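Q: This is the structure, below, for whatever I ask next.
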Amino acid sequence: MNTVRTRFAPSPTGFLHVGGIRTALFAYLVARQANGKFVLRLEDTDKNREVEGSAEHLIASLKALGLQYDEGPDIGGPYAPYKQSDRLDIYQKWAQRLIDAGRAYADPYTPAEVQKFREEATAAKKAFLYRDHRPENPPAWDGTTPLRFKCEPKAYAWHDEVMGDLSTGPEVIDDFILMKSDGYPTYNFAHIVDDAEMEITHVIRGQEFISSTPNYLNLYEALGLERPLLATMPPIMNEQGNKKLGKRDGAKDVLDYVRDGYLPEALVSFIATLGWNDGTTQEVFTPSELIAKFSLDRVGRSGARFDEKRLLWVNGHFIRELPLDELAKRVEFFWPDSAKKAEEAYRHRVLELAQERLKTLRDLPALTSYFFEEPTRNDSLVSENKQLKKLEETEITRLITAAHEALERLNEWNQDTIQEALNQLLETTGQKPGTLFSLIRIYTTWSPFSPQLNGTLALLGKETTLKRLSVAQ
RNA sequence: GGCCCCGUCGUCUAGUGGUCCAGGACGUCAGGUUCUCAUCCUGAAGAUCAGGGGUUCGACUCCCCUCGGGGUCACCA
């Protein structure tokens, strides 16, 4: 049995969004699961569309999600180079083979002439086929015109690892362009050559390629190549579900999700379960679970919408599952500035209180700033509070003062002693917890919400707590 | 328009002829955890399985048609 080799072959024409990353993820999982190799190949044969810096961006995105490849343009490998623009001689060689075999020929038409053929077909409500205009005696190819594949039209039936059995008639087979007049190969040609040269065993790609697959099958035959296993992914749709998710309608850069405080493993689990599940009721998967359980034949065939709400839930789930030490490392860049001066151990304890409240790491400052800096008094928190708005000003002062006194008497300052003091305070003041505790919380944090009161005060410390409670008068 | 693919709660999905008047999760709503937010727990609403024909003793599951959605028909990938 040959080693499984999968590849992710993006073109460096922009950032990597969640739709693209899923293909990469599945290719990665298939390779890891089989103890095979995952290859990154850059398909940079369209110099007009190439975007400066996007190759680096692509690489950074894969690494951010932990999809480490074994061979690639930046790390090399046994089948280098991994950038198509560095492999032009290879395509040239394979093109020559087709020419020699009489299976490729120079396109003698001007672009305008081809365009005219196309318009005629459209006017006749027919699909355009170049081969209907195949020249009888094409000139020798000198590299300045497109080189076309001389196809052999026929019906195909083939198996797709995800889509199942597919078939088409001969009417979809055409003389597509192999080499462009600028000397670069087309995707259609280059990927087949490269997959063969790089001994790729599984071609995992999006469904936009499904209709050209019969043409690829035809080319494999002409080249005498055994075709790899084919797996076609269903599209990821936008939130409205009416279009393939694309950059134009809100598909976000995966690195933006990381910057916004999403955990890589949450992104990975969420994206994997967009169209795949293991058949049980398990909803979230760690990366190693995915490697163990993933299978192409359990990938669904219909398009799935990208639901941010669910992603948020998955992210919160992973945040809560993280050991505190690990979470501390992950939030390093998300602390508010004021926290950076605080001691590590203190930050750790704040984080512990915040952990179950975080949906994204980015929520951290809003949830914890009052532990590190003096909060800004905001009386609307009192006046708009259901329990507190009916309290007289003098009553508020009385309660805060009483709280100050009761807490000031404490010799030991911890959650338990504080809770005890608060409980006694309920009795002596005759107030309900909903009133008294809310009031104390607001005066000590000036935040719309905070962790449980005794824990908050314990962490704030006696000095800070008393100071904030004496602002009352 | 031709060709190809797809169609189960708002969303992600389980379901491969009977155990499904359809299960789980997100979201929503209600309640509980001495206060808020979150977590956690409990419960509720929510799908005539796109529609119509078949086949069958019996169809979400098989076949056909219709409708809806998507993809493709580039010297883009």
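Ordering of the structure tokens sets the chain letters (A, B, ...); residue numbers start at 1 within each chain; ligands are numbered from 1 in the order shown.
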Given a cut-off of 6 Å, which residues of chain A touch chain B, counting only C-alpha atoms (C1' of nucleotides), written out as a list in words?
A: Lys125, Lys126, Ala127, Lys180, Glu208, Ser211, Thr281, Ser302, Arg310, Glu356, Arg357, Pro433, Gly434, Phe437, Ser438 and Phe449 of chain A
Q: Mind listing the strand (DSSP E or B) residues of stretch 69-297 of chain A, per DSSP on the backbone, as an NGL selection string?
A: :A and (71-72 or 76 or 83 or 104-106 or 147-149 or 156-160 or 164-168 or 177-179 or 185 or 202-206 or 229-233 or 236-237 or 244 or 253 or 276)
Q: Within 10 Å of A:Glu408, counting only C-alpha atoms (C1' of nucleotides), which residues qualify if same-chain residues fewer than 4 places away don't, as a compact mmCIF listing (two decimals) with N, CA and C atoms, in the first residue's frame?
A:
```txt
# COMPACT_ATOMS: atom_id res chain seq x y z
N ALA A 402 -22.69 50.45 56.03
CA ALA A 402 -22.78 49.24 56.85
C ALA A 402 -21.88 48.14 56.30
N ALA A 403 -21.84 48.03 54.96
CA ALA A 403 -20.99 47.02 54.33
C ALA A 403 -19.53 47.33 54.62
N HIS A 404 -19.20 48.58 54.51
CA HIS A 404 -17.84 49.02 54.77
C HIS A 404 -17.41 48.64 56.18
N TRP A 413 -9.20 37.69 55.35
CA TRP A 413 -9.88 38.13 54.12
C TRP A 413 -9.86 37.01 53.10
N ALA A 421 -19.59 37.42 56.53
CA ALA A 421 -19.89 38.82 56.86
C ALA A 421 -21.06 39.34 56.05
N LYS A 462 -8.77 43.56 50.65
CA LYS A 462 -9.49 44.33 51.65
C LYS A 462 -9.32 45.84 51.41
N GLU A 463 -8.11 46.21 51.15
CA GLU A 463 -7.84 47.64 50.99
C GLU A 463 -8.65 48.26 49.85
N THR A 465 -11.27 47.04 48.30
CA THR A 465 -12.71 46.92 48.55
C THR A 465 -13.20 48.06 49.44
N LEU A 466 -12.49 48.28 50.54
CA LEU A 466 -12.92 49.32 51.48
C LEU A 466 -12.81 50.70 50.85
```
Q: Taking 6 positions as the minimum chain separation for residues in the same chain, which residues sit within 10 Å of A:Val39 when counting only C-alpha atoms (C1' of nucleotides)? Answer as an MDAnalysis selection string.
A: chainID A and resid 5:9 24 27:28 31 68:73 76:77 79 82 198 200
Q: Could you state the separation of atom CA of A:Leu312 and atom C1' of B:A22 in Å, given to one decimal place?
A: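 Rounded to one decimal, the two atoms are 28.1 Å apart.
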Q: What is the atom CA of A:Tyr187-atom CA of A:Lys63 distance in Å, reported with one decimal?
A: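 Value for the atom CA of A:Tyr187-atom CA of A:Lys63 distance: 25.0 Å.
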Q: So, counting only C-alpha atoms, which residue among A:Ile59, A:Ala222, A:Val258, A:Leu217 is closest to A:Pro170?
A: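 The answer is A:Leu217, which sits nearest to A:Pro170.
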Q: Per DSSP on the backbone, what are the helix (DSSP H, G or I) residues of stretch 259-452 of chain A, as a PyMOL selection string?
A: chain A and resi 259+264-272+287-293+296-298+308-321+324-330+337-341+344-357+361-371+380-383+393-408+415-429+433-445
